[in-house]
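Data from coords_10.cif: mmCIF, C-alpha atoms
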data_protein
#
loop_
_atom_site.group_PDB
_atom_site.id
_atom_site.type_symbol
_atom_site.label_atom_id
_atom_site.label_comp_id
_atom_site.auth_asym_id
_atom_site.auth_seq_id
_atom_site.Cartn_x
_atom_site.Cartn_y
_atom_site.Cartn_z
ATOM 1 C CA MET A 492 119.328 92.361 95.467
ATOM 2 C CA LYS A 493 119.211 93.218 99.132
ATOM 3 C CA PRO A 494 118.733 96.639 100.729
ATOM 4 C CA ALA A 495 121.569 98.668 102.149
ATOM 5 C CA PRO A 496 121.926 98.496 105.960
ATOM 6 C CA PHE A 497 119.388 100.530 107.938
ATOM 7 C CA GLU A 498 118.036 101.004 111.457
ATOM 8 C CA TYR A 499 114.505 99.737 112.045
ATOM 9 C CA PHE A 500 111.927 101.216 114.420
ATOM 10 C CA CYS A 501 108.338 100.120 114.991
ATOM 11 C CA PRO A 502 106.561 102.806 117.062
ATOM 12 C CA ASP A 503 103.245 102.199 118.805
ATOM 13 C CA SER A 504 101.838 105.707 118.330
ATOM 14 C CA ILE A 505 101.833 108.667 115.978
ATOM 15 C CA ASP A 506 103.704 110.725 118.562
ATOM 16 C CA GLN A 507 106.522 108.161 118.718
ATOM 17 C CA ALA A 508 106.699 108.013 114.928
ATOM 18 C CA LEU A 509 106.846 111.806 114.698
ATOM 19 C CA ASP A 510 109.585 111.945 117.336
ATOM 20 C CA LEU A 511 111.628 109.511 115.262
ATOM 21 C CA LEU A 512 111.042 111.538 112.109
ATOM 22 C CA SER A 513 112.045 114.722 113.900
ATOM 23 C CA GLU A 514 115.217 113.059 115.161
ATOM 24 C CA HIS A 515 116.351 111.477 111.892
ATOM 25 C CA GLY A 516 114.956 113.888 109.295
ATOM 26 C CA ASP A 517 115.823 113.221 105.660
ATOM 27 C CA GLU A 518 117.610 109.983 106.573
ATOM 28 C CA ALA A 519 114.322 108.318 107.583
ATOM 29 C CA ARG A 520 111.505 106.791 105.556
ATOM 30 C CA ILE A 521 108.042 105.731 106.679
ATOM 31 C CA LEU A 522 107.100 102.096 105.990
ATOM 32 C CA ALA A 523 103.366 101.621 105.401
ATOM 33 C CA GLY A 524 102.401 98.842 102.996
ATOM 34 C CA GLY A 525 105.920 98.659 101.596
ATOM 35 C CA GLN A 526 104.813 97.714 98.090
ATOM 36 C CA SER A 527 106.807 100.565 96.509
ATOM 37 C CA LEU A 528 109.430 101.344 99.134
ATOM 38 C CA VAL A 529 110.732 97.816 99.744
ATOM 39 C CA PRO A 530 111.421 97.012 96.055
ATOM 40 C CA ALA A 531 113.111 100.414 95.691
ATOM 41 C CA MET A 532 115.294 99.591 98.696
ATOM 42 C CA ASN A 533 116.098 96.132 97.361
ATOM 43 C CA PHE A 534 117.335 97.677 94.113
ATOM 44 C CA ARG A 535 119.062 100.402 96.158
ATOM 45 C CA ILE A 536 117.159 103.125 94.348
ATOM 46 C CA GLN A 537 116.369 104.312 97.856
ATOM 47 C CA GLN A 538 118.783 103.803 100.734
ATOM 48 C CA PRO A 539 117.255 105.242 103.902
ATOM 49 C CA ALA A 540 119.408 105.036 106.997
ATOM 50 C CA VAL A 541 116.299 104.643 109.160
ATOM 51 C CA LEU A 542 113.036 102.802 108.505
ATOM 52 C CA ILE A 543 110.011 103.739 110.643
ATOM 53 C CA ASP A 544 107.333 101.057 110.429
ATOM 54 C CA ILE A 545 103.891 102.507 111.303
ATOM 55 C CA ASN A 546 101.916 99.280 110.912
ATOM 56 C CA ARG A 547 101.421 99.058 114.692
ATOM 57 C CA VAL A 548 100.192 102.635 114.993
ATOM 58 C CA PRO A 549 96.456 102.484 115.823
ATOM 59 C CA ASP A 550 93.602 104.556 114.396
ATOM 60 C CA LEU A 551 94.982 105.119 110.883
ATOM 61 C CA ASP A 552 92.846 102.441 109.228
ATOM 62 C CA TYR A 553 89.226 103.475 108.588
ATOM 63 C CA ILE A 554 86.618 104.569 106.038
ATOM 64 C CA LEU A 555 83.956 106.859 107.509
ATOM 65 C CA GLU A 556 81.356 109.357 106.352
ATOM 66 C CA GLU A 557 80.786 112.567 108.304
ATOM 67 C CA GLU A 558 78.709 115.494 107.042
ATOM 68 C CA ASN A 559 78.947 114.538 103.363
ATOM 69 C CA VAL A 560 82.695 113.985 103.600
ATOM 70 C CA LEU A 561 84.410 110.619 103.322
ATOM 71 C CA ARG A 562 87.342 110.219 105.707
ATOM 72 C CA ILE A 563 89.918 107.566 104.859
ATOM 73 C CA GLY A 564 92.821 106.740 107.149
ATOM 74 C CA ALA A 565 96.214 106.754 105.480
ATOM 75 C CA MET A 566 96.905 103.130 106.513
ATOM 76 C CA THR A 567 93.714 101.818 104.912
ATOM 77 C CA ARG A 568 94.656 98.944 102.619
ATOM 78 C CA GLU A 569 93.772 99.221 98.959
ATOM 79 C CA ARG A 570 91.871 95.949 99.268
ATOM 80 C CA GLN A 571 89.560 97.606 101.815
ATOM 81 C CA LEU A 572 88.811 100.379 99.330
ATOM 82 C CA GLU A 573 87.966 97.743 96.751
ATOM 83 C CA PHE A 574 85.347 96.060 98.927
ATOM 84 C CA SER A 575 83.905 99.056 100.780
ATOM 85 C CA ASP A 576 80.139 99.394 100.392
ATOM 86 C CA LEU A 577 80.386 102.987 101.576
ATOM 87 C CA LEU A 578 82.806 103.907 98.783
ATOM 88 C CA SER A 579 80.665 102.023 96.299
ATOM 89 C CA GLN A 580 77.758 104.311 97.154
ATOM 90 C CA GLN A 581 79.445 107.637 97.851
ATOM 91 C CA ALA A 582 82.687 107.567 95.827
ATOM 92 C CA PRO A 583 82.049 105.073 93.019
ATOM 93 C CA LEU A 584 84.882 106.439 90.878
ATOM 94 C CA LEU A 585 87.425 105.460 93.523
ATOM 95 C CA HIS A 586 85.714 102.152 94.299
ATOM 96 C CA GLU A 587 85.539 101.133 90.637
ATOM 97 C CA SER A 588 89.146 102.117 89.906
ATOM 98 C CA VAL A 589 90.953 100.284 92.716
ATOM 99 C CA PRO A 590 90.956 96.854 90.964
ATOM 100 C CA PHE A 591 93.176 98.407 88.281
ATOM 101 C CA ILE A 592 95.946 98.789 90.886
ATOM 102 C CA ALA A 593 98.555 96.068 90.386
ATOM 103 C CA HIS A 594 97.479 92.617 91.665
ATOM 104 C CA PRO A 595 95.311 91.400 94.596
ATOM 105 C CA GLN A 596 98.398 90.337 96.547
ATOM 106 C CA ILE A 597 99.761 93.881 96.322
ATOM 107 C CA ARG A 598 96.411 95.488 97.146
ATOM 108 C CA ASN A 599 96.228 93.293 100.262
ATOM 109 C CA ARG A 600 99.276 95.102 101.668
ATOM 110 C CA GLY A 601 99.440 98.410 99.808
ATOM 111 C CA THR A 602 97.933 101.433 101.561
ATOM 112 C CA ILE A 603 96.242 104.496 100.148
ATOM 113 C CA GLY A 604 98.624 106.762 102.042
ATOM 114 C CA GLY A 605 101.720 104.914 100.892
ATOM 115 C CA SER A 606 100.712 105.196 97.248
ATOM 116 C CA LEU A 607 99.918 108.906 97.534
ATOM 117 C CA VAL A 608 103.189 109.746 99.269
ATOM 118 C CA ASN A 609 105.125 107.734 96.673
ATOM 119 C CA ALA A 610 103.558 109.968 93.973
ATOM 120 C CA ASP A 611 104.299 107.704 91.024
ATOM 121 C CA PRO A 612 103.033 109.428 87.835
ATOM 122 C CA ALA A 613 101.796 106.052 86.561
ATOM 123 C CA ALA A 614 99.863 105.208 89.746
ATOM 124 C CA GLU A 615 96.087 105.316 89.824
ATOM 125 C CA LEU A 616 95.437 106.757 93.295
ATOM 126 C CA PRO A 617 97.156 110.154 92.849
ATOM 127 C CA ALA A 618 95.130 110.792 89.683
ATOM 128 C CA LEU A 619 91.931 109.752 91.446
ATOM 129 C CA MET A 620 92.617 112.107 94.355
ATOM 130 C CA LEU A 621 92.965 114.973 91.896
ATOM 131 C CA ALA A 622 89.728 114.008 90.161
ATOM 132 C CA LEU A 623 87.842 113.708 93.466
ATOM 133 C CA ASN A 624 88.981 117.042 94.959
ATOM 134 C CA ALA A 625 90.747 115.296 97.826
ATOM 135 C CA ARG A 626 92.237 117.063 100.823
ATOM 136 C CA LEU A 627 95.120 115.437 102.686
ATOM 137 C CA LYS A 628 95.794 115.898 106.399
ATOM 138 C CA VAL A 629 99.448 115.796 107.445
ATOM 139 C CA ARG A 630 101.092 116.308 110.810
ATOM 140 C CA ASN A 631 104.457 116.897 112.447
ATOM 141 C CA ASN A 632 105.381 117.423 116.090
ATOM 142 C CA SER A 633 104.133 120.996 116.175
ATOM 143 C CA GLN A 634 101.099 121.235 113.905
ATOM 144 C CA GLU A 635 98.513 119.627 111.677
ATOM 145 C CA ARG A 636 97.679 120.996 108.254
ATOM 146 C CA TRP A 637 95.504 120.215 105.242
ATOM 147 C CA ILE A 638 96.852 120.155 101.697
ATOM 148 C CA GLU A 639 94.648 120.226 98.605
ATOM 149 C CA ALA A 640 95.438 117.460 96.099
ATOM 150 C CA PRO A 641 96.697 119.825 93.341
ATOM 151 C CA GLU A 642 99.205 121.305 95.811
ATOM 152 C CA PHE A 643 100.188 117.930 97.291
ATOM 153 C CA PHE A 644 101.543 116.407 94.061
ATOM 154 C CA ILE A 645 104.364 118.650 92.886
ATOM 155 C CA GLY A 646 106.465 116.412 90.624
ATOM 156 C CA MET A 647 107.688 112.945 89.819
ATOM 157 C CA PHE A 648 107.864 110.986 93.098
ATOM 158 C CA THR A 649 107.669 114.341 94.892
ATOM 159 C CA THR A 650 105.008 115.759 97.182
ATOM 160 C CA ALA A 651 104.524 118.766 99.439
ATOM 161 C CA LEU A 652 105.043 116.528 102.490
ATOM 162 C CA GLU A 653 107.924 117.795 104.632
ATOM 163 C CA ALA A 654 110.588 115.407 105.947
ATOM 164 C CA ASP A 655 109.149 115.560 109.482
ATOM 165 C CA GLU A 656 105.494 115.072 108.461
ATOM 166 C CA ILE A 657 103.265 111.993 108.233
ATOM 167 C CA LEU A 658 100.148 111.710 106.102
ATOM 168 C CA LEU A 659 97.248 110.870 108.414
ATOM 169 C CA GLU A 660 93.998 111.113 106.479
ATOM 170 C CA ILE A 661 92.378 111.707 103.121
ATOM 171 C CA ALA A 662 89.069 113.597 102.921
ATOM 172 C CA LEU A 663 86.805 113.292 99.869
ATOM 173 C CA PRO A 664 83.526 115.103 99.280
ATOM 174 C CA VAL A 665 80.604 112.762 98.659
ATOM 175 C CA MET A 666 79.863 112.632 94.951
ATOM 176 C CA ALA A 667 77.299 115.210 93.878
ATOM 177 C CA GLU A 668 73.873 114.276 92.551
ATOM 178 C CA ARG A 669 73.449 113.864 88.789
ATOM 179 C CA THR A 670 77.162 113.050 88.486
ATOM 180 C CA GLY A 671 78.536 110.266 86.331
ATOM 181 C CA TRP A 672 81.989 108.749 86.569
ATOM 182 C CA SER A 673 84.378 106.562 84.637
ATOM 183 C CA PHE A 674 87.953 105.300 84.847
ATOM 184 C CA MET A 675 89.802 103.432 82.136
ATOM 185 C CA GLU A 676 93.407 102.587 81.401
ATOM 186 C CA VAL A 677 95.495 100.585 78.948
ATOM 187 C CA ALA A 678 98.362 98.418 80.209
ATOM 188 C CA PRO A 679 100.583 95.826 78.493
ATOM 189 C CA ARG A 680 99.144 93.163 80.817
ATOM 190 C CA SER A 681 96.639 93.135 83.635
ATOM 191 C CA GLY A 682 98.370 94.464 86.719
ATOM 192 C CA ASP A 683 101.164 96.228 84.820
ATOM 193 C CA TYR A 684 101.667 99.968 85.024
ATOM 194 C CA ALA A 685 99.287 101.715 82.661
ATOM 195 C CA LEU A 686 100.575 103.199 79.418
ATOM 196 C CA MET A 687 97.814 105.767 79.829
ATOM 197 C CA GLY A 688 94.802 106.199 82.108
ATOM 198 C CA VAL A 689 91.914 108.644 82.374
ATOM 199 C CA ALA A 690 89.478 109.477 85.181
ATOM 200 C CA ALA A 691 86.349 111.410 84.196
ATOM 201 C CA LEU A 692 83.521 113.006 86.155
ATOM 202 C CA VAL A 693 80.535 114.788 84.592
ATOM 203 C CA THR A 694 77.697 116.562 86.436
ATOM 204 C CA MET A 695 74.506 117.274 84.501
ATOM 205 C CA GLY A 696 71.949 119.971 85.294
ATOM 206 C CA GLU A 697 68.197 119.555 85.292
ATOM 207 C CA ASP A 698 68.164 121.216 81.860
ATOM 208 C CA GLY A 699 70.407 118.488 80.436
ATOM 209 C CA LYS A 700 73.462 120.730 80.175
ATOM 210 C CA CYS A 701 76.851 120.035 81.734
ATOM 211 C CA GLU A 702 77.309 121.793 85.074
ATOM 212 C CA GLY A 703 80.709 120.363 85.937
ATOM 213 C CA ALA A 704 83.424 118.165 84.443
ATOM 214 C CA LYS A 705 86.782 116.736 85.445
ATOM 215 C CA LEU A 706 89.395 114.980 83.328
ATOM 216 C CA VAL A 707 92.556 113.676 84.986
ATOM 217 C CA TYR A 708 95.289 111.617 83.322
ATOM 218 C CA LEU A 709 97.917 109.288 84.727
ATOM 219 C CA ASN A 710 101.278 108.542 83.121
ATOM 220 C CA ALA A 711 100.801 111.684 81.046
ATOM 221 C CA GLY A 712 103.488 113.830 82.660
ATOM 222 C CA ASP A 713 105.563 114.089 85.824
ATOM 223 C CA GLY A 714 102.490 113.660 88.031
ATOM 224 C CA PRO A 715 98.712 113.322 87.853
ATOM 225 C CA LEU A 716 97.552 115.824 85.263
ATOM 226 C CA GLU A 717 94.188 117.590 85.140
ATOM 227 C CA ALA A 718 93.026 118.725 81.687
ATOM 228 C CA LYS A 719 91.039 121.793 82.729
ATOM 229 C CA GLU A 720 90.697 123.313 79.273
ATOM 230 C CA ALA A 721 89.340 120.094 77.797
ATOM 231 C CA ALA A 722 86.814 119.777 80.618
ATOM 232 C CA ASN A 723 85.748 123.409 80.156
ATOM 233 C CA ILE A 724 84.734 122.634 76.571
ATOM 234 C CA LEU A 725 81.816 120.674 78.008
ATOM 235 C CA LEU A 726 80.571 123.259 80.515
ATOM 236 C CA GLY A 727 77.174 124.816 79.841
ATOM 237 C CA GLU A 728 76.569 122.571 76.857
ATOM 238 C CA LYS A 729 74.373 119.638 76.031
ATOM 239 C CA ILE A 730 77.033 117.017 75.544
ATOM 240 C CA SER A 731 77.197 115.430 72.107
ATOM 241 C CA ASP A 732 79.599 113.022 70.445
ATOM 242 C CA ASP A 733 81.189 115.959 68.584
ATOM 243 C CA LEU A 734 81.714 117.864 71.829
ATOM 244 C CA ILE A 735 83.291 114.807 73.456
ATOM 245 C CA GLN A 736 85.548 114.431 70.416
ATOM 246 C CA SER A 737 86.644 118.070 70.738
ATOM 247 C CA ALA A 738 87.431 117.648 74.430
ATOM 248 C CA ALA A 739 89.344 114.431 73.776
ATOM 249 C CA GLU A 740 91.404 116.006 71.005
ATOM 250 C CA HIS A 741 92.232 119.097 73.050
ATOM 251 C CA GLY A 742 93.198 117.169 76.165
ATOM 252 C CA SER A 743 95.365 114.634 74.370
ATOM 253 C CA GLU A 744 97.073 117.118 72.049
ATOM 254 C CA HIS A 745 97.512 120.224 74.198
ATOM 255 C CA GLU A 746 97.328 119.415 77.913
ATOM 256 C CA ILE A 747 99.398 116.294 78.517
ATOM 257 C CA THR A 748 103.148 115.754 78.222
ATOM 258 C CA PRO A 749 103.763 111.987 78.028
ATOM 259 C CA PHE A 750 107.390 110.908 78.145
ATOM 260 C CA GLY A 751 107.087 107.621 76.309
ATOM 261 C CA ASN A 752 108.693 104.370 77.460
ATOM 262 C CA VAL A 753 109.829 100.991 76.150
ATOM 263 C CA HIS A 754 106.213 100.017 75.503
ATOM 264 C CA ALA A 755 104.833 103.180 73.914
ATOM 265 C CA SER A 756 106.038 106.342 72.205
ATOM 266 C CA PRO A 757 104.683 109.732 73.337
ATOM 267 C CA GLU A 758 102.645 109.815 70.126
ATOM 268 C CA PHE A 759 101.025 106.477 70.920
ATOM 269 C CA GLN A 760 100.330 107.623 74.481
ATOM 270 C CA ARG A 761 98.551 110.684 73.080
ATOM 271 C CA HIS A 762 96.508 108.409 70.829
ATOM 272 C CA LEU A 763 95.565 106.271 73.831
ATOM 273 C CA ALA A 764 94.654 109.391 75.802
ATOM 274 C CA GLN A 765 92.283 110.547 73.067
ATOM 275 C CA VAL A 766 90.576 107.153 72.748
ATOM 276 C CA LEU A 767 90.258 106.719 76.521
ATOM 277 C CA THR A 768 88.945 110.259 76.984
ATOM 278 C CA LYS A 769 86.166 109.632 74.481
ATOM 279 C CA LYS A 770 85.260 106.343 76.156
ATOM 280 C CA THR A 771 85.342 107.643 79.725
ATOM 281 C CA LEU A 772 83.378 110.802 78.943
ATOM 282 C CA THR A 773 80.747 108.812 77.056
ATOM 283 C CA GLN A 774 80.329 106.440 80.000
ATOM 284 C CA ALA A 775 80.325 109.255 82.564
ATOM 285 C CA VAL A 776 77.641 111.175 80.665
ATOM 286 C CA ARG A 777 75.482 108.072 80.376
ATOM 287 C CA ARG A 778 75.783 107.399 84.094
ATOM 288 C CA ALA A 779 74.995 111.028 84.931
ATOM 289 C CA GLU A 780 71.846 110.840 82.854
ATOM 290 C CA GLU A 781 70.839 107.599 84.550
ATOM 291 C CA ARG A 782 71.278 109.213 87.981
ATOM 292 C CA LYS A 783 68.942 112.048 86.955
ATOM 293 C CA GLN A 784 66.049 109.619 86.515
#

Any chance you could give the structure as structure tokens?
Amino acid sequence: MKPAPFEYFCPDSIDQALDLLSEHGDEARILAGGQSLVPAMNFRIQQPAVLIDINRVPDLDYILEEENVLRIGAMTRERQLEFSDLLSQQAPLLHESVPFIAHPQIRNRGTIGGSLVNADPAAELPALMLALNARLKVRNNSQERWIEAPEFFIGMFTTALEADEILLEIALPVMAERTGWSFMEVAPRSGDYALMGVAALVTMGEDGKCEGAKLVYLNAGDGPLEAKEAANILLGEKISDDLIQSAAEHGSEHEITPFGNVHASPEFQRHLAQVLTKKTLTQAVRRAEERKQ
């Protein structure tokens, strides 16, 4: 298949790109890494009249730490996230999870911003942004604004980004002390979309009780899905295998809405969610306890 005809622009600055977006509105699409958009265009799932390539726009490719906040430019390639020493130290959940994204060839071109704007419910990065309390900076010709991750992802392939806005930056708080992390997923083959995935974070107090917990699922609904009730089961408690089992059962049975697909029924996805929740929470708790020492 080949894409439908379109106009192509390659601006040299954010201002030029925003002018083009303002001019063409809903008819335009931003091209970043192109690993989702180009296949969709080839199959004519998407048929933008205008393609705005921002690969020549400077200053959108960086990973920095400022005042306990990690700043990641929207054009940062997924491969850079994978090999960043800074992320390894300050956001190990993100760093450890990136190799699950597709294949190295795709990660070489795919960008963090492109994946987030695409908002695929089966993608890893949207779920990780929810787990990590990310804030996303977007801009149009008249203003800049920040959007919290839970408000950014509003449905399947749908975000709060307006037609005239570009995602510029992702801000992540540095991981708190005494916090453990884990990410696991199950896919038909390495590099395939996951049938189910879980990101877990657990923060332990000096008294050995849980001070904070996060559980976020991918491919469990029409977007990344946080299981708040399941995580709350752990709060204020010394975490045991029975408590982890209770959280896993509640999250998988009551807080996710998997659709099923050709590879797995909704019931099997719920089973995977329960197994993965137990595994990720167990690993996160162990890592949290190790960081206390």

Against segment 505-508 of chain A, which residues of segment 623-696 of chain A fall within 10 Å? For each one I want the closest pair of atoms and the distance in Å (one decimal), counting all atoms listed in the file, rows by chain and increasing residue number, as a Markdown table.
| residue | atom | partner | partner_atom | distance |
| --- | --- | --- | --- | --- |
| A:Arg630 | CA | A:Ile505 | CA | 9.3 |
| A:Asn631 | CA | A:Asp506 | CA | 8.7 |
| A:Asn632 | CA | A:Asp506 | CA | 7.3 |
| A:Asp655 | CA | A:Ala508 | CA | 9.6 |
| A:Glu656 | CA | A:Ala508 | CA | 9.6 |
| A:Ile657 | CA | A:Ala508 | CA | 8.5 |
| A:Leu659 | CA | A:Ile505 | CA | 9.1 |

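Here atom CA of Met532 of chain A and atom CA of Pro679 of chain A stand 25.3 Å from one another.
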
Residue by residue, what does the PyMOL selection byres ((chain A and resi 534-537) around 8) grab here? Present the result as an mmCIF file with C-alpha atoms, in the frame of the given file.
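What landed in result.cif:
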data_model
loop_
_atom_site.group_PDB
_atom_site.id
_atom_site.type_symbol
_atom_site.label_atom_id
_atom_site.label_comp_id
_atom_site.auth_asym_id
_atom_site.auth_seq_id
_atom_site.Cartn_x
_atom_site.Cartn_y
_atom_site.Cartn_z
ATOM 1 C CA MET A 492 119.328 92.361 95.467
ATOM 2 C CA LYS A 493 119.211 93.218 99.132
ATOM 3 C CA PRO A 494 118.733 96.639 100.729
ATOM 4 C CA ALA A 495 121.569 98.668 102.149
ATOM 5 C CA LEU A 528 109.430 101.344 99.134
ATOM 6 C CA PRO A 530 111.421 97.012 96.055
ATOM 7 C CA ALA A 531 113.111 100.414 95.691
ATOM 8 C CA MET A 532 115.294 99.591 98.696
ATOM 9 C CA ASN A 533 116.098 96.132 97.361
ATOM 10 C CA GLN A 538 118.783 103.803 100.734
ATOM 11 C CA PRO A 539 117.255 105.242 103.902
#

Could you write out as a PDB file with C-alpha atoms, keeping the file's coordinate frame the residues that the PyMOL selection byres ((chain A and resi 627) around 12) matches in the shown file?
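The resulting file, out-v7.pdb, is shown below:
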ATOM      1  CA  LEU A 561      84.410 110.619 103.322  1.00  0.00           C
ATOM      2  CA  ARG A 562      87.342 110.219 105.707  1.00  0.00           C
ATOM      3  CA  ILE A 563      89.918 107.566 104.859  1.00  0.00           C
ATOM      4  CA  GLY A 564      92.821 106.740 107.149  1.00  0.00           C
ATOM      5  CA  ALA A 565      96.214 106.754 105.480  1.00  0.00           C
ATOM      6  CA  ILE A 603      96.242 104.496 100.148  1.00  0.00           C
ATOM      7  CA  GLY A 604      98.624 106.762 102.042  1.00  0.00           C
ATOM      8  CA  LEU A 607      99.918 108.906  97.534  1.00  0.00           C
ATOM      9  CA  VAL A 608     103.189 109.746  99.269  1.00  0.00           C
ATOM     10  CA  PRO A 617      97.156 110.154  92.849  1.00  0.00           C
ATOM     11  CA  MET A 620      92.617 112.107  94.355  1.00  0.00           C
ATOM     12  CA  LEU A 621      92.965 114.973  91.896  1.00  0.00           C
ATOM     13  CA  LEU A 623      87.842 113.708  93.466  1.00  0.00           C
ATOM     14  CA  ASN A 624      88.981 117.042  94.959  1.00  0.00           C
ATOM     15  CA  ALA A 625      90.747 115.296  97.826  1.00  0.00           C
ATOM     16  CA  ARG A 626      92.237 117.063 100.823  1.00  0.00           C
ATOM     17  CA  LYS A 628      95.794 115.898 106.399  1.00  0.00           C
ATOM     18  CA  VAL A 629      99.448 115.796 107.445  1.00  0.00           C
ATOM     19  CA  ARG A 630     101.092 116.308 110.810  1.00  0.00           C
ATOM     20  CA  GLU A 635      98.513 119.627 111.677  1.00  0.00           C
ATOM     21  CA  ARG A 636      97.679 120.996 108.254  1.00  0.00           C
ATOM     22  CA  TRP A 637      95.504 120.215 105.242  1.00  0.00           C
ATOM     23  CA  ILE A 638      96.852 120.155 101.697  1.00  0.00           C
ATOM     24  CA  GLU A 639      94.648 120.226  98.605  1.00  0.00           C
ATOM     25  CA  ALA A 640      95.438 117.460  96.099  1.00  0.00           C
ATOM     26  CA  PRO A 641      96.697 119.825  93.341  1.00  0.00           C
ATOM     27  CA  GLU A 642      99.205 121.305  95.811  1.00  0.00           C
ATOM     28  CA  PHE A 643     100.188 117.930  97.291  1.00  0.00           C
ATOM     29  CA  PHE A 644     101.543 116.407  94.061  1.00  0.00           C
ATOM     30  CA  THR A 650     105.008 115.759  97.182  1.00  0.00           C
ATOM     31  CA  ALA A 651     104.524 118.766  99.439  1.00  0.00           C
ATOM     32  CA  LEU A 652     105.043 116.528 102.490  1.00  0.00           C
ATOM     33  CA  GLU A 656     105.494 115.072 108.461  1.00  0.00           C
ATOM     34  CA  ILE A 657     103.265 111.993 108.233  1.00  0.00           C
ATOM     35  CA  LEU A 658     100.148 111.710 106.102  1.00  0.00           C
ATOM     36  CA  LEU A 659      97.248 110.870 108.414  1.00  0.00           C
ATOM     37  CA  GLU A 660      93.998 111.113 106.479  1.00  0.00           C
ATOM     38  CA  ILE A 661      92.378 111.707 103.121  1.00  0.00           C
ATOM     39  CA  ALA A 662      89.069 113.597 102.921  1.00  0.00           C
ATOM     40  CA  LEU A 663      86.805 113.292  99.869  1.00  0.00           C
TER      41      LEU A 663
END

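Evaluated against the shown file, the PyMOL selection byres ((chain A and resi 569) around 6) gives Arg568, Arg570, Gln571, Leu572, Arg598, Gly601, Thr602 and Ile603 of chain A.
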
Go ahead and find all residues with at least one atom no further than 6 Å from (93.1, 116.3, 89.6) in the file's coordinates, using all atoms listed in the file; report them as a PDB file with C-alpha atoms, in the coordinates of the input.
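So the final result, stored in selection.pdb, reads:
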ATOM      1  CA  ALA A 618      95.130 110.792  89.683  1.00  0.00           C
ATOM      2  CA  LEU A 621      92.965 114.973  91.896  1.00  0.00           C
ATOM      3  CA  ALA A 622      89.728 114.008  90.161  1.00  0.00           C
ATOM      4  CA  VAL A 707      92.556 113.676  84.986  1.00  0.00           C
ATOM      5  CA  GLU A 717      94.188 117.590  85.140  1.00  0.00           C
TER       6      GLU A 717
END

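Distance check against Leu509 of chain A using all atoms listed in the file: of A:Glu744, A:Asp550, A:Glu556, A:Glu653, the minimum falls on A:Glu653.
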
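Taking atom CA of His586 of chain A and atom CA of Ile543 of chain A as endpoints, the distance between them is 29.3 Å.
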
Could you complete segment 658-670 of chain A so that it carries N, CA and C atoms, and give it back as a short mmCIF file (atom, residue, chain, number, x, y, z; two decimals), in the coordinates of the input?
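part.cif, freshly written:
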data_model
loop_
_atom_site.label_atom_id
_atom_site.label_comp_id
_atom_site.auth_asym_id
_atom_site.auth_seq_id
_atom_site.Cartn_x
_atom_site.Cartn_y
_atom_site.Cartn_z
N LEU A 658 101.51 111.61 106.62
CA LEU A 658 100.15 111.71 106.10
C LEU A 658 99.23 110.89 107.00
N LEU A 659 98.16 111.53 107.49
CA LEU A 659 97.25 110.87 108.41
C LEU A 659 95.92 110.47 107.78
N GLU A 660 95.37 111.33 106.93
CA GLU A 660 94.00 111.11 106.48
C GLU A 660 93.76 111.75 105.12
N ILE A 661 92.83 111.16 104.39
CA ILE A 661 92.38 111.71 103.12
C ILE A 661 90.89 112.00 103.25
N ALA A 662 90.47 113.20 102.86
CA ALA A 662 89.07 113.60 102.92
C ALA A 662 88.55 113.82 101.51
N LEU A 663 87.42 113.18 101.19
CA LEU A 663 86.80 113.29 99.87
C LEU A 663 85.37 113.76 100.02
N PRO A 664 84.95 114.75 99.25
CA PRO A 664 83.53 115.10 99.28
C PRO A 664 82.70 113.98 98.67
N VAL A 665 81.52 113.73 99.25
CA VAL A 665 80.60 112.76 98.66
C VAL A 665 80.24 113.21 97.25
N MET A 666 80.13 112.28 96.34
CA MET A 666 79.86 112.63 94.95
C MET A 666 78.51 113.34 94.81
N ALA A 667 78.51 114.41 94.05
CA ALA A 667 77.30 115.21 93.88
C ALA A 667 76.23 114.45 93.11
N GLU A 668 74.99 114.86 93.30
CA GLU A 668 73.87 114.28 92.55
C GLU A 668 74.04 114.57 91.06
N ARG A 669 73.44 113.73 90.25
CA ARG A 669 73.45 113.86 88.79
C ARG A 669 74.88 113.86 88.23
N THR A 670 75.77 113.15 88.93
CA THR A 670 77.16 113.05 88.49
C THR A 670 77.46 111.64 88.01
#
